[in-house]
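Only one structure is covered here, and it is reproduced in the block below.
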Amino acid sequence: APVAAPGVLARGAAVSIGAYDGVHLGHRALIGRTRQEASRLGCASAVVTFDRHPATVVRPASAPRLLTDLDQKLALLASTGVDVTVVVHFDERRAAEEPAHFVREVLVDLLHARAVVVGEDFHFGRARAGNVELLRTLGAELGFSVTGFGLLADGGQPVSSTRIRALLAAGDVEQ
C-alpha cells in the first residue's frame, strides 16, 4: 500500500519501478529523474519496489545476495525525498502475471501514473515479457509517458547492484 498522506496521488504520479537493492547512486539518479518529472507535471513522485527480490522467486538457486533488507531499503528510499513508496508482494502469481495486468493494477489504478521512469534494461511480468517498448505502447493507450533511463557510469563502469555485489565479493569495499 502507498506510504503517503491521503490525497497525495490526487494529481497522479511520476513513477519509477525496480528492485532497488542497495539504493545506490544509479538508483538515486533514476529516482531524481522521477522527482524532476513529478515536479514538471505538478504531481507526486512514487517508487514501486518489491517485498523480496524477484529473482528469489523466479530463479532461487541463482538469486543474488542482497545488499539491503526490506527495512533498510525503505529507509534508503525515504531518504531520496520520494513522495510515495509502494511495496508490491512478489510471489509465483505475480511472477506469472501478464505485464499489462501489472501496469493496469499498479501504475494506472493505484498510482494514476502520468509518467514512468525505468532503467533502459527494465523487464517485468511473465517470462520478463514486459520492457520499455511495451510500457511505451501501454502508456500511449493509458495516458502516461515513459522514459528509459541509461545506466549511470562511474569511471567507465556501470553503477549497478550486480557490480557492487562483485566488488564486495572481491573485498573492494572502498570502490
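In the C-alpha cells, the first chain shown is A, the next is B, and so on; residue numbers restart at 1 for each chain, and ligands run from 1 in the order shown.
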All strand (DSSP E or B) residues (DSSP, backbone) inside chain A, as a PyMOL selection string: chain A and resi 13-17+44-50+84-88+113-119+124+130+145-149+153-154+157-158
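Our summary of the geometry notes that atom CA of A:Glu97 is positioned 28.1 Å from atom CA of A:Arg28.
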Please provide as a VMD selection string all residues within 10 Å of A:Phe144, with the sequence filter that same-chain residues fewer than 2 positions apart are discarded (counting only C-alpha atoms). chain A and resid 12 to 15 107 to 108 112 to 116 135 to 142 146
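Of the residues under consideration (A:Val23, A:Leu41, A:Val106, A:Phe124), A:Phe124 shows the shortest atom-to-atom contact distance to A:Ala55 when counting only C-alpha atoms.
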Please return as a ChimeraX atom specification: the residues of stretch 9-170 of chain A that backbone DSSP assigns to helix (DSSP H, G or I). /A:25-41,55-58,60-62,70-78,92-96,99-110,126-128,132-142,161-169
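Minimum atom-to-atom distances from A:Ala38, A:Val47, A:Ala10, A:Val117 to A:Leu76 were compared using only C-alpha atoms, and the lowest value belongs to A:Val47.
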Which polymer residues have any atom within 10 Å of an atom of A:Tyr20, counting only C-alpha atoms, with same-chain residues fewer than 2 positions away left out, as JSON, numbers by chain? {"A": [17, 18, 22, 23, 24, 26, 27, 28, 47, 48, 49, 50, 53, 67, 68, 70, 73, 74, 76, 77, 160, 161]}
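With only C-alpha atoms as the atoms that count, the minimum distance from A:Leu134 to the choices A:Gly81, A:Glu105, A:Asp71, A:Glu98 is reached by A:Glu98.
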